[in-house]
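What follows is one structure encoded as structure tokens, with my remarks underneath.
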Amino acid sequence: MNPPVAKKQPKTIVQHGETRIDDYAWLREKENPEVAEYLNAENAYTDSVLGPLKPLQEKLYAEMLSHIRQTDENVPYREGDYYYISRTEEGKQYPILSRKRGTLDAAEEVFFDLNAAAVGHGFYALGPCAISPDGNLFLYSEDTTGFRQYQLHVKDLGTGDLLPDTAAKVGSAAWASDSRTFYYTVEDPAKRQYRLYRHRLGDTGEVPLIFEETDERFNLRVSRSRSGEYLFLTSGSHTASEVRFLHADDPVGDWSLVAPREADHEYYVTHHGGRFFIRTNSGGRNFRLVTAPVESPGIPQWEELVPHRADVMLEGVELFADFYVLVERSEGLPRLRVTDFSGGNTSEIAFPEPAYSAAPDVNRDWNTHAFRYAYQSLVTPRSVFDYNVHTRDSILMKQTEVPGGFDRANYRSERIFATAPDGTRIPISLVYRRDVDRNGTAPLFLQAYGSYGFPYPVAFSPARLTLLDRGVVVAIAHIRGGGEMGKAWHDDGRMANKMNTFTDFIAAAVHLVEERYTAKDRLVIYGGSAGGLLMGAVTNMRPDLFKAVISDVPFVDVINTMSDATLPLTVGEYEEWGDPNNPDDYARMIAYSPYENLEAKAYPAMLVKTSFNDSQVMYWEPAKYVARLRTLKTDDNPLLLKTNMDAGHGGASGRYDALKELAEEFAFLLWQVGITE
């Protein structure tokens, strides 16, 4: 079967005196039947090329299932009078939510079954949700298309009935103390959360609009403090924020401003007793912690509790009645520091491995001496601990069981460093079987992201065992643009410094080859979303360095997307990428935008994946990219486009369907490095 050929319909674009021709702009016409026809033709071609791999894909899927306890449940957590549980049952795609009153020995009350809610939908995702303070109502939102557009509902947990109170396009919601009033935010046509509404159950009149954010760079989010005493409305861009607050006992009161927004000032607020705790980057990019009285919380009243540190990123603070926890990152690794309010004594939770992830887990109990956190690494399954603040002991509550013969002693995890062209040391996390020789013959799967200040998680994956047990080395490059080394790490990989993200990744790949973890003809790379931009940029820059590329929902049409302010996310992202309407930003962005920099030369094998209902990176970006690359590439390597016609940015929503998609990716990877079994 020959690959599809997308028709050319040239569109002339003139920008800053430069003329470009976009032959495939017509693929943006989602309602045009020719678009779906083309995407389905690409799907058919991909299926034909990958057809011989079907037995391998099915074998990988079976192995993935063998490493998952399909009937399982999380560690119950306490909220109000109930213990809450999320569990799965074999054969069912989605979790079941239940609770037990008072003790774990009480009868189980199933209050929401996502499997039942998903019937009749090709996609289903639960969005913002919250139990009312009195425990009688469940406020939840759902997306049935993948477009991340959530419809809000309220369920009476006593009768099981849905109340008539609903709202559309909801992004966040929070209850007031009366369990009758809630606030919620909604999105504008560009999918920006921009309005805050107040709703009282049973009201049938016009819902009061409380606040509207008019700056297109800013998104709203409403939340409730862990103490339960305050509601917060945070308005934030990528570089600035401001917070308003309302006492939860006064649901129709006036919201008050903590501090007005300022350029390049981010701050975030939570509550304890008579004071607000404020994480702020005034005084340093890596944030410090201050407190202020709730009666007058403005900047003149801020008192420093934890100073700024150039080598430590303060990522968050978790408050409890008797202690608080600082969530930090130092030398690229997370750490958790616990301080009791009474004596000011601080302890740090110790972690034993060279590369790992650690973060707060579900903590809904305000009056407790236990802090619940989750820990995992590339060789340690997800583990939930309760840290006793008094004894300073971590008690393992549950480690995710990995059936199918998993023995962590068979695997090795490492953390090494590559050197970027400017001398910066780039961390790389690795995992592989101990019997794999470091002689340049092993296949290697290199992943990265490098945007928005997000650290790439060093997480355990049962599915990954299917690669490791076939001798594949798996590596993560913690490149600039991410948040591994604090805000400066992000700053050095965004805006005018974006090129560092790509050269860091290339440096990591070269280092892995030079250190004989792999060879160029055994190296497969992966990135999704902004990581897909990374894939497009580095394969344009160094196509000779990689055997194959898996690019998931890739942001590859950078200039055209960022030039259209009507698209979701565009204006807010000017602070991450730049504004191509600005000549200087345009010059920098056009230099790396993957779509514009495709050339007539040999490229690695590629599997490019997207979803028809993606609201973050529209399907047409990868579709245009593949269509244009087909006309330019000079090699015979496979170029495959796979579109999930029922999903959004995260791919398939059901856990079994998601594993099948992953098995297809892994089969492609193994095929490219010669492991077809």
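Here's how to read the names in the structure tokens: chain A, B, ... by the order shown, residue numbers from 1 in each chain, ligand numbers from 1 in the order shown.
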
Determine which residues of region 283-397 of chain A receive a DSSP assignment of strand (DSSP E), computed from the backbone, and state them as a PyMOL selection string. chain A and resi 288-293+303-306+312-319+323-330+333-340+346-348+356-360+370-377+383-388+393-397

Which residues are near Pro354 (chain A)? Cut-off 9 Å, only C-alpha atoms, ignore same chain within fewer than 3 positions. Put them as a PDB file with N, CA and C atoms, in the first residue's frame.
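To be explicit, this is the file written out as around28.pdb:
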ATOM      1  N   LEU A 333      16.719  17.075  42.081  1.00  0.00           N
ATOM      2  CA  LEU A 333      15.941  16.021  42.726  1.00  0.00           C
ATOM      3  C   LEU A 333      14.958  16.615  43.733  1.00  0.00           C
ATOM      4  N   PHE A 351      15.567   9.825  50.960  1.00  0.00           N
ATOM      5  CA  PHE A 351      15.271   8.962  49.820  1.00  0.00           C
ATOM      6  C   PHE A 351      16.553   8.255  49.396  1.00  0.00           C
ATOM      7  N   SER A 377      10.739   5.308  41.683  1.00  0.00           N
ATOM      8  CA  SER A 377      11.939   5.529  40.871  1.00  0.00           C
ATOM      9  C   SER A 377      11.811   4.683  39.616  1.00  0.00           C
ATOM     10  N   SER A 413      19.537   1.449  38.038  1.00  0.00           N
ATOM     11  CA  SER A 413      19.205   2.845  37.753  1.00  0.00           C
ATOM     12  C   SER A 413      20.446   3.694  37.966  1.00  0.00           C
ATOM     13  N   GLU A 414      20.646   4.662  37.072  1.00  0.00           N
ATOM     14  CA  GLU A 414      21.805   5.552  37.156  1.00  0.00           C
ATOM     15  C   GLU A 414      21.392   6.992  36.922  1.00  0.00           C
ATOM     16  N   ARG A 415      22.255   7.898  37.336  1.00  0.00           N
ATOM     17  CA  ARG A 415      22.117   9.323  36.995  1.00  0.00           C
ATOM     18  C   ARG A 415      23.486   9.803  36.547  1.00  0.00           C
ATOM     19  N   SER A 429      18.776  10.476  33.481  1.00  0.00           N
ATOM     20  CA  SER A 429      18.390   9.321  34.297  1.00  0.00           C
ATOM     21  C   SER A 429      18.286   8.103  33.390  1.00  0.00           C
TER      22      SER A 429
END

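For Ile21 (chain A), the residues within 7 Å (counting only C-alpha atoms, excluding itself and residues fewer than 5 positions away along the chain) are Pro10, Lys11, Thr12 and Ile13 of chain A.
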
Export of the given selection (N, CA and C atoms) as a PDB file, in the first residue's frame:
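Result file selection_31.pdb:
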ATOM      1  N   PRO A  10      -2.048  25.853  -1.981  1.00  0.00           N
ATOM      2  CA  PRO A  10      -1.106  26.859  -1.473  1.00  0.00           C
ATOM      3  C   PRO A  10      -1.794  28.083  -0.861  1.00  0.00           C
ATOM      4  N   LYS A  11      -1.290  28.471   0.299  1.00  0.00           N
ATOM      5  CA  LYS A  11      -1.719  29.687   0.979  1.00  0.00           C
ATOM      6  C   LYS A  11      -0.490  30.556   1.198  1.00  0.00           C
ATOM      7  N   THR A  12      -0.560  31.789   0.733  1.00  0.00           N
ATOM      8  CA  THR A  12       0.578  32.698   0.863  1.00  0.00           C
ATOM      9  C   THR A  12       0.484  33.459   2.180  1.00  0.00           C
ATOM     10  N   ILE A  13       1.562  33.457   2.913  1.00  0.00           N
ATOM     11  CA  ILE A  13       1.634  34.146   4.210  1.00  0.00           C
ATOM     12  C   ILE A  13       2.785  35.133   4.153  1.00  0.00           C
TER      13      ILE A  13
END

Quick one: residues within 6 Å of Arg221 (chain A), only C-alpha atoms counted, chain neighbours fewer than 2 positions away excluded, as a ChimeraX atom specification? /A:172,233-234

Residues from the last selection, N, CA and C atoms, saved as a PDB file, in the first residue's frame:
ATOM      1  N   SER A 172     -12.509  24.796  37.026  1.00  0.00           N
ATOM      2  CA  SER A 172     -12.231  24.610  38.450  1.00  0.00           C
ATOM      3  C   SER A 172     -13.495  24.922  39.223  1.00  0.00           C
ATOM      4  N   LEU A 233      -9.079  32.678  44.690  1.00  0.00           N
ATOM      5  CA  LEU A 233      -9.185  32.842  43.242  1.00  0.00           C
ATOM      6  C   LEU A 233      -7.831  33.313  42.742  1.00  0.00           C
ATOM      7  N   THR A 234      -7.138  32.425  42.044  1.00  0.00           N
ATOM      8  CA  THR A 234      -5.804  32.741  41.529  1.00  0.00           C
ATOM      9  C   THR A 234      -5.906  33.064  40.051  1.00  0.00           C
TER      10      THR A 234
END

Determine, for each residue of region 573-641 of chain A having at least one atom at most 7 Å from an atom of region 491-503 of chain A, the closest pair of atoms and their separation in Å to one decimal, counting only C-alpha atoms; order by chain and ascending number, as CSV.
residue,atom,partner,partner_atom,distance
A:Glu576,CA,A:Arg494,CA,5.7
A:Trp577,CA,A:Met495,CA,4.7
A:Gly578,CA,A:Met495,CA,5.5
A:Arg588,CA,A:Ala496,CA,6.7

Output the selection as a CSV table (one decimal), in the first residue's frame - N, CA and C atoms for each residue.
chain,number,residue,atom,x,y,z
A,576,GLU,N,6.0,31.9,26.9
A,576,GLU,CA,6.9,30.7,26.9
A,576,GLU,C,7.7,30.7,25.6
A,577,TRP,N,7.0,31.0,24.5
A,577,TRP,CA,7.7,30.9,23.2
A,577,TRP,C,8.1,32.2,22.6
A,578,GLY,N,7.3,33.2,22.8
A,578,GLY,CA,7.4,34.5,22.2
A,578,GLY,C,6.2,34.8,21.3
A,588,ARG,N,13.6,34.4,16.0
A,588,ARG,CA,14.0,33.3,16.8
A,588,ARG,C,13.2,32.0,16.6

Would you mind telling me which residue in A:Arg78, A:Tyr592, A:Asn540, A:Leu231 lies nearest to Asp254 (chain A) when using only C-alpha atoms?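 Counting only C-alpha atoms, the residue closest to Asp254 (chain A) is A:Leu231.
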
Mind checking which residues fall within 12 Å of Leu669 (chain A), counting only C-alpha atoms, ignoring those fewer than 4 positions away in the same chain, and posting them as a VMD selection string? chain A and resid 50 53 56 to 57 60 443 to 446 466 to 467 470 472 474 522 to 526 546 to 551 604 to 607 638 662 to 665 673 to 676

Which polymer residues have any atom within 8 Å of an atom of region 390-400 of chain A, counting only C-alpha atoms, with same-chain residues fewer than 4 positions away left out, as a ChimeraX atom specification? /A:75,347,369,381-386

Do you know which residues are at most 12 Å from Thr88 (chain A) counting only C-alpha atoms, after dropping those on the same chain fewer than 4 positions away, and could you put them as a PyMOL selection string? chain A and resi 68-74+92-98+113-115+654-656
